[in-house]
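The next block is structure01.cif, given as mmCIF, C-alpha atoms.
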data_final
#
loop_
_atom_site.label_atom_id
_atom_site.label_comp_id
_atom_site.auth_asym_id
_atom_site.auth_seq_id
_atom_site.Cartn_x
_atom_site.Cartn_y
_atom_site.Cartn_z
CA MET S 1 41.97 168.52 -36.79
CA LYS S 2 43.74 169.57 -33.57
CA ASN S 3 41.63 167.15 -31.52
CA PHE S 4 42.60 164.31 -33.84
CA PHE S 5 46.33 164.85 -33.25
CA LEU S 6 45.76 164.93 -29.47
CA ARG S 7 43.90 161.62 -29.39
CA SER S 8 45.62 158.70 -27.70
CA LEU S 9 46.77 156.01 -30.11
CA PRO S 10 46.51 152.41 -28.81
CA GLN S 11 49.86 150.70 -29.25
CA ASP S 12 50.47 147.44 -31.05
CA THR S 13 53.19 145.96 -28.85
CA ASN S 14 53.66 143.03 -31.23
CA GLY S 15 54.14 145.20 -34.30
CA ASN S 16 55.94 143.45 -37.16
CA TRP S 17 58.52 145.98 -38.30
CA LEU S 18 59.69 143.78 -41.15
CA HIS S 19 56.18 144.04 -42.55
CA VAL S 20 56.22 147.82 -42.01
CA GLY S 21 59.59 148.00 -43.77
CA LEU S 22 58.30 146.03 -46.75
CA VAL S 23 55.31 148.38 -47.02
CA ALA S 24 57.65 151.40 -46.90
CA GLY S 25 59.84 149.77 -49.54
CA ALA S 26 56.82 149.14 -51.77
CA ILE S 27 55.82 152.80 -51.51
CA VAL S 28 59.36 153.92 -52.39
CA PHE S 29 59.51 151.50 -55.32
CA PHE S 30 56.17 152.70 -56.69
CA ILE S 31 57.09 156.39 -56.43
CA LEU S 32 60.56 156.03 -57.93
CA PHE S 33 59.84 153.50 -60.65
CA PHE S 34 56.52 154.84 -61.92
CA LEU S 35 56.74 158.58 -61.16
CA ARG S 36 60.50 158.90 -61.82
CA PRO S 37 61.23 161.94 -59.57
CA PHE S 38 64.71 163.35 -58.74
CA GLY S 39 65.83 163.21 -62.38
CA LEU S 40 65.21 159.46 -62.82
CA GLY S 41 63.09 160.21 -65.86
CA SER S 42 66.16 161.31 -67.80
CA TYR S 43 68.50 158.62 -66.44
CA ALA S 44 69.84 156.43 -69.26
CA GLY S 45 71.18 153.62 -67.06
CA ASN S 46 69.56 150.69 -65.30
CA VAL S 47 66.58 152.40 -63.66
CA PHE S 48 65.28 149.16 -62.15
CA GLY S 49 68.59 148.51 -60.39
CA VAL S 50 68.67 152.06 -59.03
CA VAL S 51 65.10 151.86 -57.77
CA LEU S 52 65.71 148.43 -56.24
CA SER S 53 68.68 149.74 -54.23
CA PHE S 54 66.65 152.66 -52.88
CA THR S 55 63.82 150.25 -52.03
CA ALA S 56 66.13 147.88 -50.17
CA LEU S 57 67.59 150.80 -48.21
CA ALA S 58 64.10 151.96 -47.18
CA VAL S 59 63.23 148.46 -45.95
CA VAL S 60 66.41 148.14 -43.87
CA GLU S 61 66.19 151.68 -42.45
CA THR S 62 62.54 151.24 -41.46
CA TYR S 63 63.18 147.88 -39.78
CA VAL S 64 66.18 149.16 -37.80
CA TYR S 65 64.39 152.39 -36.89
CA GLY S 66 61.38 150.47 -35.60
CA TRP S 67 63.41 148.38 -33.17
CA LEU S 68 66.05 150.88 -32.08
CA VAL S 69 64.07 154.16 -32.03
CA TYR S 70 60.29 153.77 -32.31
CA LYS S 71 59.72 150.97 -29.80
CA PRO S 72 61.86 152.55 -27.02
CA LEU S 73 60.18 155.93 -27.58
CA ALA S 74 56.68 154.45 -27.45
CA ARG S 75 57.56 152.32 -24.41
CA HIS S 76 58.78 155.31 -22.39
CA THR S 77 55.95 157.67 -23.37
CA ALA S 78 53.09 157.62 -20.86
CA THR S 79 50.36 158.29 -23.43
CA TRP S 80 51.26 157.78 -27.07
CA ARG S 81 49.17 160.18 -29.13
CA VAL S 82 48.50 160.66 -32.82
CA TRP S 83 50.96 163.57 -32.99
CA HIS S 84 53.66 161.31 -31.50
CA GLU S 85 53.01 158.83 -34.31
CA CYS S 86 53.22 161.58 -36.95
CA ALA S 87 56.45 162.95 -35.46
CA ALA S 88 57.95 159.45 -35.31
CA ILE S 89 57.16 158.80 -38.96
CA LEU S 90 58.53 162.19 -39.99
CA LEU S 91 61.75 161.32 -38.14
CA LEU S 92 61.85 158.10 -40.13
CA LEU S 93 61.43 160.15 -43.31
CA CYS S 94 64.47 162.20 -42.27
CA LEU S 95 66.47 159.01 -41.84
CA ILE S 96 65.35 157.69 -45.21
CA SER S 97 66.13 161.04 -46.80
CA MET S 98 69.69 160.95 -45.42
CA GLY S 99 70.19 157.41 -46.70
CA ASN S 100 68.80 158.32 -50.10
CA PHE S 101 71.06 161.37 -50.24
CA VAL S 102 74.12 159.16 -49.76
CA LEU S 103 72.83 156.57 -52.22
CA ASP S 104 72.14 159.35 -54.72
CA TRP S 105 75.77 160.37 -54.45
CA ILE S 106 76.92 156.76 -54.98
CA TRP S 107 74.78 156.28 -58.09
CA PHE S 108 74.86 159.70 -59.70
CA ARG S 109 77.86 161.41 -58.07
CA SER S 110 75.64 164.27 -56.93
CA PRO S 111 77.34 167.05 -54.96
CA LEU S 112 77.68 166.45 -51.21
CA SER S 113 76.43 169.90 -50.30
CA LEU S 114 73.96 171.20 -47.71
CA ALA S 115 71.85 172.83 -50.41
CA HIS S 116 71.53 169.56 -52.31
CA PHE S 117 70.69 167.68 -49.09
CA LEU S 118 67.99 170.22 -48.14
CA GLY S 119 66.55 170.01 -51.64
CA TYR S 120 66.48 166.24 -51.40
CA THR S 121 64.85 166.38 -47.96
CA TYR S 122 62.25 168.88 -49.16
CA ALA S 123 61.26 166.63 -52.06
CA THR S 124 61.11 163.58 -49.74
CA PHE S 125 58.84 165.41 -47.28
CA LEU S 126 56.68 166.80 -50.08
CA ILE S 127 55.90 163.24 -51.14
CA GLY S 128 56.06 161.65 -47.69
CA ILE S 129 53.86 163.95 -45.58
CA PRO S 130 50.55 163.25 -47.42
CA ILE S 131 51.35 159.53 -47.31
CA THR S 132 52.22 159.81 -43.60
CA LEU S 133 48.92 161.50 -42.72
CA THR S 134 46.97 158.91 -44.69
CA ILE S 135 48.79 155.98 -43.08
CA VAL S 136 48.40 157.41 -39.56
CA ALA S 137 44.67 158.02 -40.05
CA LEU S 138 44.08 154.48 -41.33
CA ASP S 139 46.34 152.99 -38.65
CA TYR S 140 44.50 154.92 -35.94
CA GLN S 141 41.17 153.42 -36.99
CA LYS S 142 42.67 149.92 -37.20
CA ARG S 143 44.37 150.07 -33.79
CA LEU S 144 41.31 151.57 -32.13
CA ARG S 145 39.11 148.84 -33.58
CA ASN S 146 41.53 146.10 -32.50
CA ARG S 147 41.91 147.67 -29.06
CA LEU S 148 38.17 147.69 -28.50
CA ALA S 149 37.87 144.08 -29.63
CA THR S 150 40.60 143.16 -27.13
CA LEU S 151 38.92 145.05 -24.31
CA LEU S 152 35.60 143.34 -24.91
CA GLN S 153 36.64 140.24 -23.00
CA LYS S 154 33.87 137.88 -22.00
CA ASP S 155 33.10 137.57 -18.28
CA GLU S 156 30.17 135.17 -18.34
CA VAL S 157 31.22 133.49 -15.08
CA THR S 158 29.91 136.42 -13.02
CA GLN S 159 26.53 136.19 -14.80
CA ALA S 160 26.14 132.40 -14.60
CA GLY S 161 23.29 131.31 -12.34
CA HIS S 162 21.81 134.80 -12.06
CA THR S 163 18.42 135.82 -13.39
CA ILE S 164 17.18 139.23 -14.45
CA THR S 165 13.62 140.62 -14.32
CA PHE S 166 12.46 143.44 -16.56
CA HIS S 167 9.27 145.11 -15.38
CA ASP S 168 6.35 145.91 -17.66
CA THR S 169 4.32 148.91 -16.44
CA SER S 170 1.30 148.41 -18.71
CA VAL S 171 -2.02 147.42 -17.08
CA ARG S 172 -1.98 143.86 -18.36
CA GLY S 173 1.76 143.72 -18.65
CA GLU S 174 3.77 140.71 -17.57
CA ASP S 175 7.30 141.06 -16.28
CA LEU S 176 10.02 139.27 -18.22
CA THR S 177 12.39 137.04 -16.22
CA LEU S 178 15.29 135.26 -17.88
CA PRO S 179 18.82 134.05 -17.14
CA MET S 180 21.32 136.90 -17.16
CA THR S 181 23.50 135.10 -19.71
CA ASP S 182 20.58 134.93 -22.16
CA PHE S 183 19.99 138.69 -22.26
CA LEU S 184 21.46 140.25 -25.43
CA TYR S 185 20.34 143.86 -25.76
CA ALA S 186 17.39 146.22 -25.48
CA GLU S 187 16.18 148.93 -27.85
CA ALA S 188 13.94 151.85 -26.89
CA GLN S 189 10.88 152.39 -29.11
CA LYS S 190 9.05 155.55 -27.91
CA ASN S 191 7.07 154.38 -24.85
CA PHE S 192 8.21 150.78 -25.19
CA VAL S 193 11.42 148.81 -25.01
CA ASP S 194 12.16 145.74 -27.14
CA VAL S 195 14.21 143.24 -25.13
CA TYR S 196 16.22 140.71 -27.16
CA PHE S 197 17.34 137.46 -25.59
CA LEU S 198 18.31 133.88 -26.36
CA ARG S 199 15.87 131.01 -25.99
CA GLU S 200 17.02 127.52 -26.93
CA GLY S 201 19.83 129.00 -29.00
CA ARG S 202 17.59 131.33 -31.02
CA VAL S 203 17.22 135.11 -30.72
CA GLU S 204 13.76 136.19 -29.58
CA HIS S 205 12.36 139.49 -28.36
CA ARG S 206 9.62 140.81 -26.13
CA GLN S 207 8.18 144.33 -26.07
CA LEU S 208 7.65 145.90 -22.65
CA ARG S 209 6.04 149.17 -21.67
CA ALA S 210 9.08 150.70 -19.99
CA THR S 211 11.90 153.15 -20.48
CA LEU S 212 15.49 152.33 -21.32
CA THR S 213 16.51 153.88 -17.99
CA SER S 214 14.23 151.52 -16.04
CA VAL S 215 15.45 148.51 -18.03
CA LEU S 216 19.05 149.46 -17.30
CA ALA S 217 18.16 149.81 -13.61
CA ASP S 218 16.52 146.37 -13.65
CA ALA S 219 19.68 144.83 -15.13
CA LYS S 220 21.96 145.80 -12.22
CA ASP S 221 24.99 144.15 -13.79
CA LYS S 222 28.39 145.63 -14.60
CA SER S 223 28.40 144.00 -18.05
CA ILE S 224 25.17 145.72 -19.15
CA PHE S 225 26.13 148.97 -20.82
CA GLN S 226 24.24 151.81 -22.50
CA CYS S 227 26.01 152.30 -25.82
CA HIS S 228 23.50 154.57 -27.52
CA ARG S 229 20.62 156.76 -26.41
CA SER S 230 18.27 154.01 -27.63
CA PHE S 231 20.29 150.87 -26.86
CA ILE S 232 21.79 148.92 -23.96
CA VAL S 233 23.85 145.79 -24.57
CA ASN S 234 25.23 142.78 -22.69
CA LEU S 235 28.98 143.04 -23.30
CA ASN S 236 29.37 139.31 -22.69
CA ARG S 237 27.23 138.56 -25.73
CA ILE S 238 29.14 140.64 -28.28
CA LEU S 239 30.46 138.50 -31.13
CA SER S 240 32.43 141.20 -32.95
CA ALA S 241 33.02 144.95 -33.07
CA HIS S 242 33.51 146.99 -36.24
CA GLY S 243 33.81 150.70 -36.86
CA ASN S 244 36.00 153.65 -35.99
CA SER S 245 36.19 156.66 -33.65
CA ASN S 246 32.88 157.96 -35.06
CA GLY S 247 31.01 154.91 -33.82
CA TYR S 248 30.93 151.13 -33.71
CA GLN S 249 28.64 148.32 -34.80
CA LEU S 250 28.43 145.48 -32.29
CA THR S 251 27.22 142.11 -33.54
CA VAL S 252 25.21 140.47 -30.76
CA GLY S 253 23.73 136.98 -30.51
CA ASP S 254 23.98 136.22 -34.24
CA ASP S 255 24.97 137.93 -37.49
CA HIS S 256 21.49 139.41 -37.95
CA HIS S 257 21.48 141.55 -34.80
CA VAL S 258 23.71 144.61 -34.79
CA VAL S 259 23.78 147.22 -32.02
CA PRO S 260 25.22 150.70 -32.73
CA VAL S 261 27.65 152.51 -30.45
CA SER S 262 27.21 156.21 -31.11
CA ARG S 263 30.22 158.49 -31.29
CA SER S 264 29.47 160.10 -27.93
CA TYR S 265 29.63 156.69 -26.22
CA VAL S 266 32.84 155.33 -27.81
CA ALA S 267 35.25 156.80 -25.24
CA LYS S 268 32.92 155.81 -22.40
CA LEU S 269 32.73 152.24 -23.70
CA ARG S 270 36.52 151.96 -23.96
CA SER S 271 36.96 153.20 -20.38
CA PHE S 272 34.03 151.08 -19.18
CA VAL S 273 35.48 147.80 -20.46
CA GLY S 274 39.09 148.78 -19.75
#
Render the structure in this file as structure tokens.
Amino acid sequence: MKNFFLRSLPQDTNGNWLHVGLVAGAIVFFILFFLRPFGLGSYAGNVFGVVLSFTALAVVETYVYGWLVYKPLARHTATWRVWHECAAILLLLCLISMGNFVLDWIWFRSPLSLAHFLGYTYATFLIGIPITLTIVALDYQKRLRNRLATLLQKDEVTQAGHTITFHDTSVRGEDLTLPMTDFLYAEAQKNFVDVYFLREGRVEHRQLRATLTSVLADAKDKSIFQCHRSFIVNLNRILSAHGNSNGYQLTVGDDHHVVPVSRSYVAKLRSFVG
């Protein structure tokens, strides 16, 4: 758990804080209208109107907070980590709690006392912290996935015109030579390696008696990367990347060929393509 909070969290510089505010408002509306905490269950007045005012306040507070507090903090922090994100959202909860405390006084004439405010804040955090942890965990996976997809930029120009030869060490083996841009990936199979490549737009493969280490040495190209103990892949041929911090699935060549990135290689891949 400690390692999770210390992980760097890729930033979405184009974050839509109006969208974030609407999500926060929807959460507030659901909790207040359907669960009826803070005495709303016994309120005889217009519950919908009360809930709508609290929802609108949450939307406005979140939007303003995002632009005036969150963005400047993230911009001036060298490495934004998961714990920064959690602390930032908890600070937002404090702001929402203060606004709700004032709105509670307007609607219900509750006492403006420190004890009442602390009680209100406690209840807000009791509900908000589990939601915060869930949102941060999901957001971390989403941002990491998007960040990797952004980093996997194609650089086919450097491979154009170059050929690659993979050596077969069997007695009657025949080396495989093909254009660098046609190479997709290779998979180790005990004493053999299956090399996948494009030929006339279709994915084909050839089995060589070799090791993955020797195939990687034959490649001699910065875009050829070992992403798993049994796989190497041409980064320029990746169509999409899906997964999370525990590992990725890279679609290569066509939708039927998927190359895994094991957990131990995720950080190396991100630094390799970054």
Distance atom CA of Val51 of chain S-atom CA of His116 of chain S, one decimal place?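 Interatomic distance, atom CA of Val51 of chain S to atom CA of His116 of chain S: 19.6 Å.
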I'd like to see the residues matched by the PyMOL selection byres ((chain S and resi 70) around 12) on this file, and ideally I'd get them as an MDAnalysis selection string. chainID S and resid 11:13 15 17 61:69 71:77 80 84:92
Keeping only C-alpha atoms, write those residues as a PDB file, in the coordinates of the input.
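Written file, selection_30.pdb:
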ATOM      1  CA  GLN S  11      49.860 150.700 -29.250  1.00  0.00           C
ATOM      2  CA  ASP S  12      50.470 147.440 -31.050  1.00  0.00           C
ATOM      3  CA  THR S  13      53.190 145.960 -28.850  1.00  0.00           C
ATOM      4  CA  GLY S  15      54.140 145.200 -34.300  1.00  0.00           C
ATOM      5  CA  TRP S  17      58.520 145.980 -38.300  1.00  0.00           C
ATOM      6  CA  GLU S  61      66.190 151.680 -42.450  1.00  0.00           C
ATOM      7  CA  THR S  62      62.540 151.240 -41.460  1.00  0.00           C
ATOM      8  CA  TYR S  63      63.180 147.880 -39.780  1.00  0.00           C
ATOM      9  CA  VAL S  64      66.180 149.160 -37.800  1.00  0.00           C
ATOM     10  CA  TYR S  65      64.390 152.390 -36.890  1.00  0.00           C
ATOM     11  CA  GLY S  66      61.380 150.470 -35.600  1.00  0.00           C
ATOM     12  CA  TRP S  67      63.410 148.380 -33.170  1.00  0.00           C
ATOM     13  CA  LEU S  68      66.050 150.880 -32.080  1.00  0.00           C
ATOM     14  CA  VAL S  69      64.070 154.160 -32.030  1.00  0.00           C
ATOM     15  CA  LYS S  71      59.720 150.970 -29.800  1.00  0.00           C
ATOM     16  CA  PRO S  72      61.860 152.550 -27.020  1.00  0.00           C
ATOM     17  CA  LEU S  73      60.180 155.930 -27.580  1.00  0.00           C
ATOM     18  CA  ALA S  74      56.680 154.450 -27.450  1.00  0.00           C
ATOM     19  CA  ARG S  75      57.560 152.320 -24.410  1.00  0.00           C
ATOM     20  CA  HIS S  76      58.780 155.310 -22.390  1.00  0.00           C
ATOM     21  CA  THR S  77      55.950 157.670 -23.370  1.00  0.00           C
ATOM     22  CA  TRP S  80      51.260 157.780 -27.070  1.00  0.00           C
ATOM     23  CA  HIS S  84      53.660 161.310 -31.500  1.00  0.00           C
ATOM     24  CA  GLU S  85      53.010 158.830 -34.310  1.00  0.00           C
ATOM     25  CA  CYS S  86      53.220 161.580 -36.950  1.00  0.00           C
ATOM     26  CA  ALA S  87      56.450 162.950 -35.460  1.00  0.00           C
ATOM     27  CA  ALA S  88      57.950 159.450 -35.310  1.00  0.00           C
ATOM     28  CA  ILE S  89      57.160 158.800 -38.960  1.00  0.00           C
ATOM     29  CA  LEU S  90      58.530 162.190 -39.990  1.00  0.00           C
ATOM     30  CA  LEU S  91      61.750 161.320 -38.140  1.00  0.00           C
ATOM     31  CA  LEU S  92      61.850 158.100 -40.130  1.00  0.00           C
TER      32      LEU S  92
END
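Residues matched by the PyMOL selection byres ((chain S and resi 97-102) around 9) in this structure: Phe54, Leu57, Ala58, Glu61, Leu92, Leu93, Cys94, Leu95, Ile96, Leu103, Asp104, Trp105, Ile106, Trp107, Ser110, Leu112, His116, Phe117, Tyr120, Thr121, Thr124 and Phe125 of chain S.
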Take the PyMOL selection byres ((chain S and resi 166) around 12), apply it to the structure above, and return the hits as a PyMOL selection string. chain S and resi 163-165+167-169+173-180+183+186+193-197+206-220
Selection export as an mmCIF file, in the frame of the given file, atoms kept: C-alpha atoms:
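Result written to result-v1.cif:
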data_model
loop_
_atom_site.group_PDB
_atom_site.id
_atom_site.type_symbol
_atom_site.label_atom_id
_atom_site.label_comp_id
_atom_site.auth_asym_id
_atom_site.auth_seq_id
_atom_site.Cartn_x
_atom_site.Cartn_y
_atom_site.Cartn_z
ATOM 1 C CA THR S 163 18.420 135.820 -13.390
ATOM 2 C CA ILE S 164 17.180 139.230 -14.450
ATOM 3 C CA THR S 165 13.620 140.620 -14.320
ATOM 4 C CA HIS S 167 9.270 145.110 -15.380
ATOM 5 C CA ASP S 168 6.350 145.910 -17.660
ATOM 6 C CA THR S 169 4.320 148.910 -16.440
ATOM 7 C CA GLY S 173 1.760 143.720 -18.650
ATOM 8 C CA GLU S 174 3.770 140.710 -17.570
ATOM 9 C CA ASP S 175 7.300 141.060 -16.280
ATOM 10 C CA LEU S 176 10.020 139.270 -18.220
ATOM 11 C CA THR S 177 12.390 137.040 -16.220
ATOM 12 C CA LEU S 178 15.290 135.260 -17.880
ATOM 13 C CA PRO S 179 18.820 134.050 -17.140
ATOM 14 C CA MET S 180 21.320 136.900 -17.160
ATOM 15 C CA PHE S 183 19.990 138.690 -22.260
ATOM 16 C CA ALA S 186 17.390 146.220 -25.480
ATOM 17 C CA VAL S 193 11.420 148.810 -25.010
ATOM 18 C CA ASP S 194 12.160 145.740 -27.140
ATOM 19 C CA VAL S 195 14.210 143.240 -25.130
ATOM 20 C CA TYR S 196 16.220 140.710 -27.160
ATOM 21 C CA PHE S 197 17.340 137.460 -25.590
ATOM 22 C CA ARG S 206 9.620 140.810 -26.130
ATOM 23 C CA GLN S 207 8.180 144.330 -26.070
ATOM 24 C CA LEU S 208 7.650 145.900 -22.650
ATOM 25 C CA ARG S 209 6.040 149.170 -21.670
ATOM 26 C CA ALA S 210 9.080 150.700 -19.990
ATOM 27 C CA THR S 211 11.900 153.150 -20.480
ATOM 28 C CA LEU S 212 15.490 152.330 -21.320
ATOM 29 C CA THR S 213 16.510 153.880 -17.990
ATOM 30 C CA SER S 214 14.230 151.520 -16.040
ATOM 31 C CA VAL S 215 15.450 148.510 -18.030
ATOM 32 C CA LEU S 216 19.050 149.460 -17.300
ATOM 33 C CA ALA S 217 18.160 149.810 -13.610
ATOM 34 C CA ASP S 218 16.520 146.370 -13.650
ATOM 35 C CA ALA S 219 19.680 144.830 -15.130
ATOM 36 C CA LYS S 220 21.960 145.800 -12.220
#
Closest to Thr251 of chain S among S:Glu204, S:Arg199, S:Val266, S:Leu184, using all atoms listed in the file? S:Leu184
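The smallest atom-to-atom distance between Leu40 of chain S and any of S:Val259, S:Asn234, S:Gly247, S:Phe108, using all atoms listed in the file, is found for S:Phe108.
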Step by step: start from the point (59.6, 155.0, -52.9) in the file's coordinates, keep every protein, DNA or RNA residue that has an atom no farther than 10 Å from it, count only C-alpha atoms, and write the set as a list in words.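 With a cut-off of 10 Å, the residues come to Val23, Ala24, Gly25, Ala26, Ile27, Val28, Phe29, Phe30, Ile31, Leu32, Phe33, Phe34, Leu35, Arg36, Pro37, Val51, Leu52, Phe54, Thr55, Ala58, Ile96, Thr124, Ile127 and Gly128 of chain S.
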